[in-house]
Amino acid sequence: MTTSDESTIKRWRERIMLVVAPFIQQLILPVGAIILALLIGAIFILAIGNNPITAYIALLQGAFGDIFSIGETLEATTPLIFTGLAVAFAFRANMFNIGAEGQFLMGALAATWVGTSLELPSIIHLPLILLAGIIVGGLWGGAAGLLKAIRGVHEVISTIMLNFIAIFFIGYMVTGPMKEESALDIPQTAKMLDTAQLMKIMPPSRLSIGIILAVLVAAFIWWLLWKTTVGYEVRAVGLNFFAAEFGGIKPNYNMFLAMLISGGLAGLGGAVVISGLFLRFQHGFEPGYGFTAIAVALVGGNNPPGVVLAALLFATLSQGALGMQNVAGVPQDIVLIIQALVIFFVAAPQIVWAFPEWIERRREAAQAASEGGQA
């Protein structure tokens, strides 16, 4: 090989590393957090007298052991992608959206009303349902953004209050105007019409095309954040409010816009889940996707591809927990501990970064002791 060939290979290697290195650095923290959480989870499993390897194999089998399990895991991933994107998008504008749950529920309620009240061809009905979820969820999130922009009301307070308003309003609607006449035990709405239901794609599981929509929406949000002026301004406001204002960007408008889009994403998730999975709204339906979404966005680094992977992780743990309990005899609570540990290590990155250094020091100390013994 000539010197020119070697220099060409070196230049290409340097170019590849410039592209790949940032992605590797972004992966180190979440992957390290997951590994540490699994290691500590194994200690808990050993402490209760079970084999952690058997438990983790049972967890994976429960989540991906057959077509049904894979479909159910992906179905559980779908709402977490939408709500995780909602929280992550708001985070990009330095807005802490605690109200994704309320926005999700309001979007689901709007979709239920459209799906039970209007008789339309499927090609019109389904887009209208999704649009209803986006609009109502967006208005619910935009209300908090408007209060922040106009009156300076902190979005944590307003979104929490809007969650309660959404829950009580939905309770009134499901037990009153939208209640199915034949529902006696549990108040619920009528079942959505056939033209309002998303197509199933992996029978016998309940997986619908909602998972495809979720991935497409994640790709769109990535493009919006990193390839458009709107995304640039939202990120600029999140990085430095005053610098963005000095640069000619309108911070208040972009905070409102971020919450509007964030609420629309959560509302779309509600519409997809209600039309693809539950098909009706029952009284007391509070799945908690909007709160799990905070952890999903945190572990995913507020980046759409990371949010998709984090949503899949949390869905895998949730879906595999039952298999772990039935096959390995490990309580499902261990999975909650692992989830909490993942969040803890992501929130405390110093621990993750210190772990490889600790291993290296231990290796060097062992090597030095070995060399001293030989001497």
# chains A, B, ... in the order shown; residues from 1 in each chain; ligands from 1

call {"tool": "closest_atom_pairs", "arguments": {"of": "segment 234-298 of chain A", "to": "segment 157-167 of chain A", "cutoff": "12 Å", "atoms": "only C-alpha atoms", "output": "Markdown table"}}
result
| residue | atom | partner | partner_atom | distance |
| --- | --- | --- | --- | --- |
| A:Met259 | CA | A:Thr159 | CA | 10.1 |
| A:Ser262 | CA | A:Thr159 | CA | 11.8 |
| A:Gly263 | CA | A:Thr159 | CA | 10.3 |
| A:Gln282 | CA | A:Ile167 | CA | 11.9 |
| A:His283 | CA | A:Ile167 | CA | 9.7 |
| A:Gly284 | CA | A:Ile167 | CA | 8.4 |
| A:Phe285 | CA | A:Ile167 | CA | 9.0 |
| A:Glu286 | CA | A:Ile167 | CA | 8.3 |
| A:Pro287 | CA | A:Ile167 | CA | 11.7 |
| A:Gly288 | CA | A:Asn163 | CA | 11.3 |
| A:Gly290 | CA | A:Asn163 | CA | 10.0 |
| A:Phe291 | CA | A:Asn163 | CA | 10.9 |

call {"tool": "residues_around", "arguments": {"residues": "Ile57 of chain A", "least_positions_apart": "2", "cutoff": "12 Å", "atoms": "only C-alpha atoms", "output": "PyMOL selection string"}}
result
chain A and resi 51-55+59-65+317+320-321+323-325+327-328+330

call {"tool": "write_last_selection", "arguments": {"atoms": "C-alpha atoms", "output": "short mmCIF file (atom, residue, chain, number, x, y, z; two decimals), in the first residue's frame"}}
result
data_model
loop_
_atom_site.label_atom_id
_atom_site.label_comp_id
_atom_site.auth_asym_id
_atom_site.auth_seq_id
_atom_site.Cartn_x
_atom_site.Cartn_y
_atom_site.Cartn_z
CA ASN A 51 -31.37 -16.48 39.32
CA PRO A 52 -30.99 -13.12 37.52
CA ILE A 53 -29.96 -14.74 34.23
CA THR A 54 -33.10 -16.88 34.24
CA ALA A 55 -35.17 -13.86 35.18
CA LEU A 59 -38.29 -11.07 30.64
CA LEU A 60 -37.04 -11.09 27.04
CA GLN A 61 -39.18 -14.10 26.21
CA GLY A 62 -42.22 -12.37 27.69
CA ALA A 63 -41.56 -9.36 25.47
CA PHE A 64 -40.27 -11.01 22.27
CA GLY A 65 -40.85 -14.76 22.68
CA LEU A 317 -39.71 -4.00 30.63
CA GLY A 320 -41.77 -8.74 29.94
CA ALA A 321 -42.49 -8.25 33.63
CA GLY A 323 -43.36 -13.36 31.88
CA MET A 324 -40.57 -12.85 34.37
CA GLN A 325 -43.01 -13.36 37.22
CA VAL A 327 -41.62 -18.23 34.48
CA ALA A 328 -38.88 -17.18 36.89
CA VAL A 330 -39.60 -12.82 40.18
#

call {"tool": "closest_residue", "arguments": {"among": "A:Tyr232, A:Phe104, A:Phe345, A:Trp113", "to": "Gly267 of chain A", "atoms": "only C-alpha atoms"}}
result
A:Phe104
